Structure formats: structure tokens, C-alpha cells
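File shown: upload01.tsv (TSV, C-alpha atoms).
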```tsv
chain	number	residue	atom	x	y	z
A	95	MET	CA	0.00	0.00	0.00
A	96	ALA	CA	1.38	3.44	-0.92
A	97	LYS	CA	2.25	5.94	1.83
A	98	GLY	CA	-0.82	7.83	3.05
A	99	GLU	CA	-3.23	5.60	1.17
A	100	THR	CA	-6.35	4.69	3.08
A	101	PRO	CA	-7.10	0.98	3.47
A	102	GLY	CA	-9.93	-0.13	1.15
A	103	ILE	CA	-9.25	2.48	-1.54
A	104	LEU	CA	-7.06	0.24	-3.72
A	105	PRO	CA	-9.70	-2.48	-4.15
A	106	HIS	CA	-12.19	0.27	-4.99
A	107	ARG	CA	-9.86	1.58	-7.69
A	108	HIS	CA	-9.44	-1.92	-9.11
A	109	HIS	CA	-13.22	-2.34	-9.16
A	110	HIS	CA	-13.67	1.04	-10.85
A	111	ARG	CA	-11.05	0.21	-13.49
A	112	ALA	CA	-12.60	-3.20	-14.10
A	113	GLY	CA	-16.02	-1.59	-14.51
A	114	THR	CA	-14.69	1.01	-16.91
A	115	SER	CA	-12.91	-1.69	-18.92
A	116	ALA	CA	-16.13	-3.72	-19.15
A	117	LEU	CA	-18.08	-0.67	-20.35
A	118	ARG	CA	-15.45	0.09	-22.99
A	119	SER	CA	-15.43	-3.52	-24.11
A	120	THR	CA	-19.23	-3.54	-24.39
A	121	ALA	CA	-19.24	-0.22	-26.28
A	122	GLY	CA	-16.59	-1.54	-28.66
A	123	TRP	CA	-18.61	-4.71	-29.28
A	124	LEU	CA	-21.74	-2.65	-29.95
A	125	ARG	CA	-19.87	-0.43	-32.43
A	126	ARG	CA	-18.48	-3.47	-34.29
A	127	GLU	CA	-21.88	-5.17	-34.32
A	128	ALA	CA	-23.57	-1.99	-35.59
A	129	GLU	CA	-21.03	-1.67	-38.42
A	130	LEU	CA	-21.41	-5.35	-39.31
A	131	THR	CA	-25.22	-5.11	-39.28
A	132	GLY	CA	-25.15	-1.98	-41.41
A	133	ARG	CA	-22.99	-3.66	-44.03
A	134	LEU	CA	-25.14	-6.77	-43.81
A	135	LEU	CA	-28.47	-5.04	-44.44
A	136	VAL	CA	-27.70	-1.90	-46.44
A	137	ALA	CA	-28.27	-3.33	-49.93
A	138	ASN	CA	-31.80	-4.62	-49.25
A	139	VAL	CA	-33.18	-2.38	-46.54
A	140	LEU	CA	-35.19	-0.18	-48.94
A	141	VAL	CA	-37.06	-3.10	-50.41
A	142	ALA	CA	-37.46	-5.07	-47.16
A	143	VAL	CA	-38.47	-2.69	-44.37
A	144	PRO	CA	-40.51	0.29	-45.73
A	145	PRO	CA	-43.03	-1.89	-47.68
A	146	PRO	CA	-44.42	-3.79	-44.65
A	147	VAL	CA	-44.48	-0.54	-42.65
A	148	LEU	CA	-46.34	1.26	-45.43
A	149	PHE	CA	-48.71	-1.68	-45.80
A	150	ALA	CA	-49.45	-1.43	-42.07
A	151	VAL	CA	-50.29	2.25	-42.63
A	152	ALA	CA	-52.54	1.26	-45.55
A	153	ALA	CA	-54.36	-1.25	-43.34
A	154	GLY	CA	-54.78	1.41	-40.67
A	155	VAL	CA	-56.31	4.04	-42.92
A	156	HIS	CA	-58.42	1.45	-44.74
A	157	HIS	CA	-59.94	0.26	-41.47
A	158	SER	CA	-60.00	3.75	-39.90
A	159	LEU	CA	-57.89	2.69	-36.91
A	160	SER	CA	-57.21	5.02	-34.03
A	161	THR	CA	-53.87	6.83	-33.95
A	162	GLY	CA	-52.65	4.64	-31.09
A	163	ARG	CA	-53.45	1.37	-32.89
A	164	LEU	CA	-51.93	2.67	-36.11
A	165	LEU	CA	-48.68	3.69	-34.39
A	166	ALA	CA	-48.54	0.31	-32.65
A	167	GLY	CA	-48.92	-1.44	-36.01
A	168	ILE	CA	-46.15	0.69	-37.52
A	169	GLY	CA	-43.80	-0.12	-34.65
A	170	LYS	CA	-44.49	-3.84	-34.86
A	171	ALA	CA	-44.08	-3.85	-38.66
A	172	THR	CA	-40.73	-2.07	-38.38
A	173	LEU	CA	-39.39	-4.57	-35.86
A	174	VAL	CA	-40.62	-7.65	-37.73
A	175	GLY	CA	-39.43	-6.24	-41.06
A	176	LEU	CA	-35.91	-5.75	-39.69
A	177	LEU	CA	-35.88	-9.26	-38.23
A	178	ALA	CA	-37.08	-10.73	-41.55
A	179	LEU	CA	-34.29	-8.90	-43.39
A	180	TYR	CA	-31.67	-9.92	-40.81
A	181	VAL	CA	-32.70	-13.58	-41.17
A	182	LEU	CA	-32.49	-13.33	-44.96
A	183	ASP	CA	-29.13	-11.59	-45.15
A	184	THR	CA	-27.36	-13.70	-42.54
A	185	ALA	CA	-28.51	-16.88	-44.34
A	186	ASN	CA	-27.57	-15.47	-47.75
A	187	GLN	CA	-24.21	-13.95	-46.90
A	188	ALA	CA	-23.03	-16.90	-44.80
A	189	HIS	CA	-22.86	-18.84	-48.08
A	190	ALA	CA	-21.88	-15.98	-50.41
A	191	GLY	CA	-18.36	-15.03	-49.31
A	192	ALA	CA	-16.71	-16.04	-52.59
A	193	GLU	CA	-19.39	-14.36	-54.70
A	194	ASP	CA	-19.41	-11.20	-52.57
A	195	ALA	CA	-15.66	-10.83	-53.03
A	196	TYR	CA	-16.49	-10.11	-56.70
A	197	ASN	CA	-19.87	-8.38	-56.47
A	198	LYS	CA	-20.18	-6.81	-53.01
A	199	PRO	CA	-16.81	-6.38	-51.27
A	200	HIS	CA	-18.37	-4.08	-48.65
A	201	ARG	CA	-20.25	-6.99	-47.07
A	202	PRO	CA	-19.03	-8.42	-43.72
A	203	ILE	CA	-17.19	-11.53	-44.95
A	204	PRO	CA	-15.07	-9.94	-47.74
A	205	ALA	CA	-14.56	-6.89	-45.49
A	206	GLY	CA	-13.07	-9.13	-42.81
A	207	LEU	CA	-15.74	-8.35	-40.19
A	208	ALA	CA	-17.28	-11.82	-40.03
A	209	THR	CA	-16.90	-15.42	-41.09
A	210	ALA	CA	-19.41	-17.84	-42.55
A	211	ALA	CA	-19.63	-19.56	-39.16
A	212	SER	CA	-20.28	-16.33	-37.25
A	213	LEU	CA	-23.03	-15.26	-39.68
A	214	THR	CA	-24.59	-18.71	-39.36
A	215	ARG	CA	-24.63	-18.32	-35.57
A	216	ARG	CA	-26.33	-14.95	-35.97
A	217	PHE	CA	-28.89	-16.54	-38.30
A	218	TRP	CA	-29.86	-19.24	-35.81
A	219	THR	CA	-29.93	-16.68	-32.99
A	220	ALA	CA	-32.29	-14.38	-34.94
A	221	MET	CA	-34.67	-17.16	-36.05
A	222	PRO	CA	-36.30	-17.80	-32.63
A	223	LEU	CA	-36.51	-14.05	-31.98
A	224	TYR	CA	-38.29	-13.61	-35.31
A	225	THR	CA	-40.63	-16.51	-34.48
A	226	LEU	CA	-41.37	-15.07	-31.05
A	227	ALA	CA	-42.19	-11.65	-32.53
A	228	GLY	CA	-44.51	-13.23	-35.10
A	229	TRP	CA	-46.30	-15.22	-32.39
A	230	ALA	CA	-46.58	-12.26	-29.99
A	231	PHE	CA	-47.93	-9.93	-32.68
A	232	GLY	CA	-50.37	-12.40	-34.26
A	233	ALA	CA	-48.58	-12.90	-37.59
A	234	LEU	CA	-46.92	-16.27	-36.97
A	235	PRO	CA	-48.12	-18.06	-40.18
A	236	TRP	CA	-46.52	-15.41	-42.40
A	237	VAL	CA	-43.31	-15.48	-40.37
A	238	LEU	CA	-43.13	-19.27	-40.69
A	239	ILE	CA	-43.66	-19.08	-44.45
A	240	TRP	CA	-40.66	-16.76	-44.76
A	241	GLN	CA	-38.50	-18.90	-42.47
A	242	VAL	CA	-39.27	-22.07	-44.41
A	243	ALA	CA	-38.51	-20.34	-47.72
A	244	VAL	CA	-35.17	-18.99	-46.45
A	245	VAL	CA	-34.08	-22.34	-44.99
A	246	LEU	CA	-35.02	-24.27	-48.13
A	247	HIS	CA	-33.27	-21.83	-50.45
A	248	TYR	CA	-30.10	-21.00	-48.53
A	249	ARG	CA	-29.60	-24.00	-46.26
A	250	CYS	CA	-30.84	-26.78	-48.57
A	251	GLY	CA	-30.42	-25.32	-52.06
A	252	SER	CA	-27.40	-25.28	-54.37
A	253	PRO	CA	-25.97	-22.89	-56.99
A	254	ARG	CA	-27.26	-25.19	-59.73
A	255	SER	CA	-30.86	-25.01	-58.44
A	256	TYR	CA	-30.79	-21.21	-58.02
A	257	LEU	CA	-32.46	-20.67	-61.39
A	258	TYR	CA	-35.60	-22.44	-60.20
A	259	SER	CA	-35.62	-21.77	-56.46
A	260	LYS	CA	-34.89	-18.02	-56.37
A	261	PRO	CA	-38.21	-16.93	-57.98
A	262	PHE	CA	-40.13	-18.85	-55.30
A	263	LEU	CA	-38.03	-17.23	-52.58
A	264	ASN	CA	-38.74	-13.77	-54.02
A	265	ILE	CA	-42.49	-14.41	-54.18
A	266	ALA	CA	-42.52	-15.84	-50.65
A	267	GLY	CA	-40.53	-12.87	-49.38
A	268	ALA	CA	-42.77	-10.26	-51.00
A	269	SER	CA	-45.92	-12.05	-49.84
A	270	ALA	CA	-44.85	-12.79	-46.28
A	271	THR	CA	-43.37	-9.40	-45.43
A	272	LEU	CA	-46.24	-7.39	-46.91
A	273	ALA	CA	-48.87	-9.63	-45.39
A	274	THR	CA	-47.16	-9.40	-42.01
A	275	GLY	CA	-47.27	-5.61	-42.17
A	276	TRP	CA	-51.03	-5.56	-42.88
A	277	GLN	CA	-51.81	-8.31	-40.37
A	278	LEU	CA	-50.00	-6.45	-37.58
A	279	ALA	CA	-52.39	-3.51	-37.99
A	280	ALA	CA	-55.72	-5.00	-39.12
A	281	PRO	CA	-57.41	-8.20	-40.40
A	282	PHE	CA	-57.11	-9.19	-44.05
A	283	ASP	CA	-59.96	-8.51	-46.46
A	284	ALA	CA	-60.50	-8.68	-50.23
A	285	THR	CA	-58.79	-5.33	-50.80
A	286	ALA	CA	-55.68	-6.47	-48.94
A	287	TRP	CA	-55.53	-9.68	-50.96
A	288	THR	CA	-55.79	-7.73	-54.24
A	289	TRP	CA	-52.84	-5.50	-53.36
A	290	LEU	CA	-50.83	-8.40	-52.02
A	291	ALA	CA	-51.36	-10.54	-55.12
A	292	PHE	CA	-50.40	-7.70	-57.46
A	293	ILE	CA	-47.20	-6.65	-55.67
A	294	ALA	CA	-46.06	-10.14	-54.65
A	295	LEU	CA	-46.31	-11.45	-58.21
A	296	TYR	CA	-45.39	-8.47	-60.38
A	297	PHE	CA	-42.24	-7.24	-58.68
A	298	PRO	CA	-40.53	-10.62	-58.16
A	299	LEU	CA	-40.86	-11.16	-61.93
A	300	ALA	CA	-38.70	-8.06	-62.40
A	301	LEU	CA	-36.21	-9.01	-59.69
A	302	ILE	CA	-34.25	-11.19	-62.12
A	303	TYR	CA	-32.61	-7.94	-63.26
A	304	GLU	CA	-30.43	-8.26	-60.15
A	305	ASP	CA	-28.68	-11.19	-61.84
A	306	VAL	CA	-27.37	-8.92	-64.62
A	307	ARG	CA	-25.49	-6.88	-62.04
A	308	ASP	CA	-24.09	-9.99	-60.33
A	309	MET	CA	-23.01	-12.05	-63.34
A	310	GLU	CA	-19.29	-12.06	-62.52
A	311	GLY	CA	-19.75	-13.45	-59.04
A	312	ASP	CA	-22.47	-15.90	-60.12
A	313	ARG	CA	-20.20	-17.29	-62.82
A	314	ALA	CA	-17.36	-17.68	-60.31
A	315	VAL	CA	-19.44	-19.87	-57.96
A	316	GLY	CA	-21.19	-21.88	-60.68
A	317	ARG	CA	-24.61	-20.37	-60.12
A	318	ARG	CA	-27.18	-20.72	-62.91
A	319	THR	CA	-29.20	-17.56	-63.53
A	320	LEU	CA	-31.32	-16.38	-66.44
A	321	ALA	CA	-28.75	-13.71	-67.20
A	322	LEU	CA	-26.10	-16.42	-67.68
A	323	VAL	CA	-28.38	-18.98	-69.36
A	324	LEU	CA	-30.35	-16.69	-71.74
A	325	GLY	CA	-28.00	-13.71	-71.78
A	326	PRO	CA	-28.15	-10.26	-70.15
A	327	GLU	CA	-29.93	-8.66	-73.10
A	328	PHE	CA	-32.96	-10.91	-72.65
A	329	VAL	CA	-33.15	-10.04	-68.96
A	330	ARG	CA	-32.74	-6.31	-69.68
A	331	ARG	CA	-35.61	-6.33	-72.17
A	332	TRP	CA	-37.81	-8.38	-69.85
A	333	PHE	CA	-37.16	-5.99	-66.96
A	334	ALA	CA	-37.66	-2.89	-69.13
A	335	THR	CA	-40.98	-4.23	-70.43
A	336	LEU	CA	-42.28	-4.85	-66.92
A	337	MET	CA	-41.15	-1.41	-65.76
A	338	PHE	CA	-42.76	0.27	-68.78
A	339	LEU	CA	-46.08	-1.52	-68.21
A	340	LEU	CA	-46.07	-1.08	-64.44
A	341	PRO	CA	-48.06	2.20	-64.26
A	342	LEU	CA	-50.72	0.83	-66.59
A	343	VAL	CA	-51.12	-2.49	-64.79
A	344	PHE	CA	-51.05	-0.66	-61.47
A	345	TYR	CA	-53.85	1.70	-62.51
A	346	PHE	CA	-56.16	-1.02	-63.84
A	347	VAL	CA	-55.60	-3.58	-61.05
A	348	PRO	CA	-54.99	-2.34	-57.49
A	349	ALA	CA	-55.85	1.33	-58.09
A	350	ARG	CA	-59.21	0.79	-59.83
A	351	LEU	CA	-60.14	-2.17	-57.63
A	352	SER	CA	-59.48	-0.15	-54.50
A	353	GLY	CA	-62.54	1.97	-55.22
A	354	ALA	CA	-60.64	5.27	-54.96
A	355	GLY	CA	-61.53	8.18	-57.17
A	356	ASP	CA	-59.93	8.31	-60.59
A	357	TRP	CA	-57.82	11.36	-59.76
A	358	ARG	CA	-55.97	9.49	-57.01
A	359	GLY	CA	-55.32	6.48	-59.23
A	360	ILE	CA	-54.18	8.60	-62.18
A	361	LEU	CA	-51.93	10.76	-60.01
A	362	SER	CA	-50.34	7.71	-58.37
A	363	ALA	CA	-49.78	5.98	-61.71
A	364	ALA	CA	-48.24	9.15	-63.19
A	365	VAL	CA	-45.77	9.54	-60.33
A	366	LEU	CA	-44.94	5.86	-60.52
A	367	ALA	CA	-44.36	6.12	-64.28
A	368	ILE	CA	-41.63	8.72	-63.83
A	369	LEU	CA	-39.49	6.37	-61.77
A	370	SER	CA	-40.37	3.08	-63.46
A	371	TRP	CA	-39.72	4.44	-66.97
A	372	ILE	CA	-36.36	5.81	-65.83
A	373	CYS	CA	-35.52	2.28	-64.68
A	374	ALA	CA	-36.61	0.86	-68.06
A	375	ALA	CA	-34.53	3.37	-70.02
A	376	ARG	CA	-31.44	2.86	-67.85
A	377	ALA	CA	-31.64	-0.93	-68.14
A	378	LEU	CA	-31.74	-0.72	-71.94
A	379	ARG	CA	-29.14	2.02	-72.47
A	380	LEU	CA	-26.58	1.74	-69.64
A	381	HIS	CA	-24.67	-1.51	-69.71
A	382	HIS	CA	-22.00	-1.39	-67.01
A	383	ARG	CA	-21.95	-2.66	-63.48
A	384	SER	CA	-22.11	0.64	-61.59
A	385	ALA	CA	-25.08	1.74	-63.72
A	386	ASP	CA	-26.82	-1.60	-63.15
A	387	GLN	CA	-26.30	-1.18	-59.40
A	388	LEU	CA	-27.97	2.25	-59.41
A	389	THR	CA	-30.78	1.01	-61.67
A	390	TYR	CA	-31.45	-1.85	-59.26
A	391	GLN	CA	-31.60	0.56	-56.31
A	392	LEU	CA	-34.04	2.75	-58.26
A	393	PHE	CA	-36.10	-0.37	-58.91
A	394	THR	CA	-36.32	-1.09	-55.18
A	395	LEU	CA	-37.46	2.50	-54.72
A	396	THR	CA	-40.14	1.89	-57.38
A	397	TRP	CA	-41.32	-1.12	-55.38
A	398	THR	CA	-41.51	0.94	-52.20
A	399	LEU	CA	-43.25	3.81	-53.99
A	400	THR	CA	-45.91	1.41	-55.29
A	401	VAL	CA	-46.68	0.25	-51.75
A	402	ALA	CA	-46.63	3.89	-50.60
A	403	THR	CA	-49.59	4.64	-52.86
A	404	ALA	CA	-51.76	2.17	-50.93
A	405	PRO	CA	-52.45	4.52	-47.97
A	406	LEU	CA	-53.46	7.29	-50.39
A	407	LEU	CA	-55.75	5.05	-52.43
A	408	LEU	CA	-57.27	3.24	-49.46
A	409	ALA	CA	-57.90	6.29	-47.27
A	410	HIS	CA	-61.53	7.31	-46.90
A	411	LEU	CA	-61.23	10.80	-48.35
```
Would you write the structure of this file as C-alpha cells?
Amino acid sequence: MAKGETPGILPHRHHHRAGTSALRSTAGWLRREAELTGRLLVANVLVAVPPPVLFAVAAGVHHSLSTGRLLAGIGKATLVGLLALYVLDTANQAHAGAEDAYNKPHRPIPAGLATAASLTRRFWTAMPLYTLAGWAFGALPWVLIWQVAVVLHYRCGSPRSYLYSKPFLNIAGASATLATGWQLAAPFDATAWTWLAFIALYFPLALIYEDVRDMEGDRAVGRRTLALVLGPEFVRRWFATLMFLLPLVFYFVPARLSGAGDWRGILSAAVLAILSWICAARALRLHHRSADQLTYQLFTLTWTLTVATAPLLLAHL
């Protein structure tokens, strides 16, 4: 003990230093986990989280819910949407390290922030939390549909079966996440089913454009995609056609069947046309990877914008 030091002070200092060290260690872990999660989710967050939240808003205004119930639905949809995306991206990226080294070097594995084993552990940790949230909020069937689809595609599938299994995963993902958002706010009805069927079928058909952007990595891991089997030009024309027709199909299916006035349907379709036709033009004219990446992000924004029209068209104005 140092001269003049009071007995009992030294153990207190050791305890204080140990506590400070534990806090710093915890803060450092949280920072690393936040960076890893950001890199994990950033590419798909626009297409995965806002749509179920917006669909919850649409359910709320359609059923004239109180502000409190609507806000509760929005909060639940946000949480479940993030869990659904986390489950998807941990399962996907745990098996995509070699491909991501070519296509997406910012992701956790090629960036050196995680390994396939650590992402797999995160996947199995998130799965029961996602299940629990679905059960607690009354949307368990939709959560289970998404979990089964993810496990079958990423845990049981192979690069050679990707051509056939990925479309089913996309349809299951669009259906389950949107339906969860609505179900967390209000019961399903015929209007909800109409919107769900349109969005969950139309947009996954256009999602094959993603394979044009990722051809280099897909070829490296032996994955069969339409862009590699039929050629990128076929996929570009297919995608551009769907994006060109989107405002028209949107107006005559969900907009007209929603029973909203024509001015709301026409206005929504016109705004949607601006973005979807930009996507079509870019896909046909700009043929390099950075342009394809931006076009794909604009496409996800088109998807979100389509869902965002639902509250306007379903509101009792």
C-alpha cells in the first residue's frame, strides 16, 4: 500500500477500473456489431423494411384505426421487417463469401468483419426471436412461411438449383413481409388480398434484373441464372418491359379495384411512371456494373413507392 493511502481504496480503484474496462469492451462490441449489421443489411433495406411498414399504414387508414393502434402497427411492422431482413441476409451472406468478393466487397465476410460460421450463428440466434415476434404480434403463419422459404433456399439449395428456387423465394418474401405488415395492424380482407397478389407477383418477376449486375460473381461460384443462361440482353428487355407496363397495370388492377376516385389512381400511376420508366430506359441504355447497381436501387425505390400509394388510395377521403 502506498504511503498515506487509506485501506480499502485500492480495491475500490481496481473495481472502478474493471467496470470502466467492461463498459469500454461492451461499447466496442456494440460499435463493431452496428457496423457489421449496417454492411449486412444496407443493400436490401429499402425493399425489405418500408413496404411492410407502409402496408401497415394502408391497413390502418383502410380500417380507420385510431392513432394509437396505427402507431402500434407501424412499430411492430418495423421490428418484424428488420428481423425478416436480418434472417435473410445472414442466411444469404453466410454462403456468399466467394461471390461477394467479386460483387459486393463491402459486405461483412469480404470486409473481414465476419466469417461464414459467425453469420450462421447470428442466423440461428435471430430465427427464434423472429418466431417469437410473429407469435406475440399475431402474424406467426406469415413469419413461418418466410422462415421455411429462407431455410429451403439457402440451407438446402445449391448454386445449380438457383435458377428455379430463387423466384419462389422472391415471391414468398414479398408475400410474407407485406402480409405481415397488414396483419400487424388490421385483419385481411378482399382489398388487402388484391394488393398483395399484385405486388407479390409483379415485382418478383422483375427481380431477375439483379442477376445482370451480379453475373461475374455468379459465374465464379457456378450459379445458374437467367442472365447467364439466356443472356443479359434478354433479362434487360424483360425488366424494361415490366417497368414500362407497371403504371398501366397498377392503374387497372390495385388502383381501380381499390374503389378510390380516378384522380388518385391517375396521379399515383403518373408519379410511378416517372421512376419506373427511368428504370426501363437505364436498363436498356446503360450496360456497365455501376449503372446496373444504381438502376437496381431505383427499382427497389419503385417497389416501395408502389406500396406507398396504398395509404393514399385506401384512405376514406
Find the residues near Val244 of chain A: any atom within 9 Å, counting only C-alpha atoms, skip ones fewer than 2 places away on the same chain, and give them as a PDB file with C-alpha atoms, keeping the file's coordinate frame.
```pdb
ATOM      1  CA  VAL A 181     -32.700 -13.580 -41.170  1.00  0.00           C
ATOM      2  CA  LEU A 182     -32.490 -13.330 -44.960  1.00  0.00           C
ATOM      3  CA  ALA A 185     -28.510 -16.880 -44.340  1.00  0.00           C
ATOM      4  CA  ASN A 186     -27.570 -15.470 -47.750  1.00  0.00           C
ATOM      5  CA  ILE A 239     -43.660 -19.080 -44.450  1.00  0.00           C
ATOM      6  CA  TRP A 240     -40.660 -16.760 -44.760  1.00  0.00           C
ATOM      7  CA  GLN A 241     -38.500 -18.900 -42.470  1.00  0.00           C
ATOM      8  CA  VAL A 242     -39.270 -22.070 -44.410  1.00  0.00           C
ATOM      9  CA  LEU A 246     -35.020 -24.270 -48.130  1.00  0.00           C
ATOM     10  CA  HIS A 247     -33.270 -21.830 -50.450  1.00  0.00           C
ATOM     11  CA  TYR A 248     -30.100 -21.000 -48.530  1.00  0.00           C
ATOM     12  CA  ARG A 249     -29.600 -24.000 -46.260  1.00  0.00           C
ATOM     13  CA  LEU A 263     -38.030 -17.230 -52.580  1.00  0.00           C
ATOM     14  CA  GLY A 267     -40.530 -12.870 -49.380  1.00  0.00           C
TER      15      GLY A 267
END
```
>> Nearest residue to Trp397 of chain A out of A:Ala321, A:Ala142, A:Met221, A:Leu124, using all atoms listed in the file?
In response: A:Ala142
> With distances taken over all atoms listed in the file, which of A:Ile265, A:Leu299, A:Leu207, A:Leu176 is nearest to Thr335 of chain A?
Replying inline: A:Leu299
>> Would you pick out the contacts of Leu159 of chain A at 9 Å or less, using only C-alpha atoms, so that residues sharing its chain but fewer than 6 positions from it are not included, and give the list as JSON, numbers by chain?
In response: {"A": [153, 279, 280]}
Exercise on segment 295-302 of chain A, axis-aligned box with 4 Å per side, report centre and edge lengths in Å to one decimal, as lines of an AutoDock Vina configuration file:
```
center_x = -40.3
center_y = -9.3
center_z = -60.3
size_x = 20.1
size_y = 12.2
size_z = 12.2
```
Place all heavy atoms on segment 140-149 of chain A and deliver the coordinates as a CSV table (one decimal), keeping the file's coordinate frame.
```csv
chain,number,residue,atom,x,y,z
A,140,LEU,N,-34.1,-1.0,-48.3
A,140,LEU,CA,-35.2,-0.2,-48.9
A,140,LEU,C,-36.3,-1.0,-49.4
A,140,LEU,O,-37.5,-0.6,-49.4
A,140,LEU,CB,-34.6,0.6,-50.1
A,140,LEU,CG,-34.0,2.0,-49.8
A,140,LEU,CD1,-33.5,2.6,-51.1
A,140,LEU,CD2,-35.1,2.9,-49.2
A,141,VAL,N,-36.0,-2.2,-49.9
A,141,VAL,CA,-37.1,-3.1,-50.4
A,141,VAL,C,-37.6,-4.0,-49.3
A,141,VAL,O,-38.7,-4.6,-49.6
A,141,VAL,CB,-36.5,-3.9,-51.6
A,141,VAL,CG1,-35.6,-5.1,-51.1
A,141,VAL,CG2,-37.6,-4.5,-52.5
A,142,ALA,N,-37.0,-4.1,-48.2
A,142,ALA,CA,-37.5,-5.1,-47.2
A,142,ALA,C,-38.2,-4.4,-46.0
A,142,ALA,O,-39.1,-5.1,-45.5
A,142,ALA,CB,-36.3,-5.8,-46.6
A,143,VAL,N,-37.9,-3.2,-45.6
A,143,VAL,CA,-38.5,-2.7,-44.4
A,143,VAL,C,-39.6,-1.7,-44.7
A,143,VAL,O,-40.7,-1.8,-44.1
A,143,VAL,CB,-37.4,-2.1,-43.5
A,143,VAL,CG1,-38.0,-1.5,-42.2
A,143,VAL,CG2,-36.4,-3.1,-43.1
A,144,PRO,N,-39.4,-0.7,-45.5
A,144,PRO,CA,-40.5,0.3,-45.7
A,144,PRO,C,-41.8,-0.3,-46.3
A,144,PRO,O,-42.9,0.1,-45.8
A,144,PRO,CB,-39.9,1.3,-46.7
A,144,PRO,CG,-38.4,1.2,-46.5
A,144,PRO,CD,-38.2,-0.2,-46.2
A,145,PRO,N,-41.8,-1.3,-47.2
A,145,PRO,CA,-43.0,-1.9,-47.7
A,145,PRO,C,-43.9,-2.5,-46.6
A,145,PRO,O,-45.1,-2.1,-46.6
A,145,PRO,CB,-42.6,-3.0,-48.7
A,145,PRO,CG,-41.3,-2.4,-49.2
A,145,PRO,CD,-40.6,-1.8,-48.0
A,146,PRO,N,-43.5,-3.3,-45.7
A,146,PRO,CA,-44.4,-3.8,-44.6
A,146,PRO,C,-44.9,-2.7,-43.7
A,146,PRO,O,-46.1,-2.7,-43.3
A,146,PRO,CB,-43.6,-4.8,-43.9
A,146,PRO,CG,-42.2,-4.6,-44.2
A,146,PRO,CD,-42.2,-4.0,-45.6
A,147,VAL,N,-44.0,-1.7,-43.5
A,147,VAL,CA,-44.5,-0.5,-42.6
A,147,VAL,C,-45.6,0.3,-43.4
A,147,VAL,O,-46.6,0.6,-42.8
A,147,VAL,CB,-43.3,0.4,-42.3
A,147,VAL,CG1,-43.7,1.6,-41.6
A,147,VAL,CG2,-42.3,-0.4,-41.4
A,148,LEU,N,-45.4,0.5,-44.7
A,148,LEU,CA,-46.3,1.3,-45.4
A,148,LEU,C,-47.6,0.5,-45.6
A,148,LEU,O,-48.7,1.0,-45.6
A,148,LEU,CB,-45.8,1.6,-46.8
A,148,LEU,CG,-44.6,2.6,-46.8
A,148,LEU,CD1,-43.9,2.7,-48.1
A,148,LEU,CD2,-45.2,4.0,-46.5
A,149,PHE,N,-47.5,-0.8,-45.7
A,149,PHE,CA,-48.7,-1.7,-45.8
A,149,PHE,C,-49.5,-1.7,-44.5
A,149,PHE,O,-50.7,-1.8,-44.5
A,149,PHE,CB,-48.3,-3.1,-46.2
A,149,PHE,CG,-49.3,-3.7,-47.2
A,149,PHE,CD1,-49.8,-3.0,-48.3
A,149,PHE,CD2,-49.6,-5.1,-47.1
A,149,PHE,CE1,-50.7,-3.5,-49.2
A,149,PHE,CE2,-50.5,-5.6,-48.0
A,149,PHE,CZ,-51.0,-4.9,-49.0
```
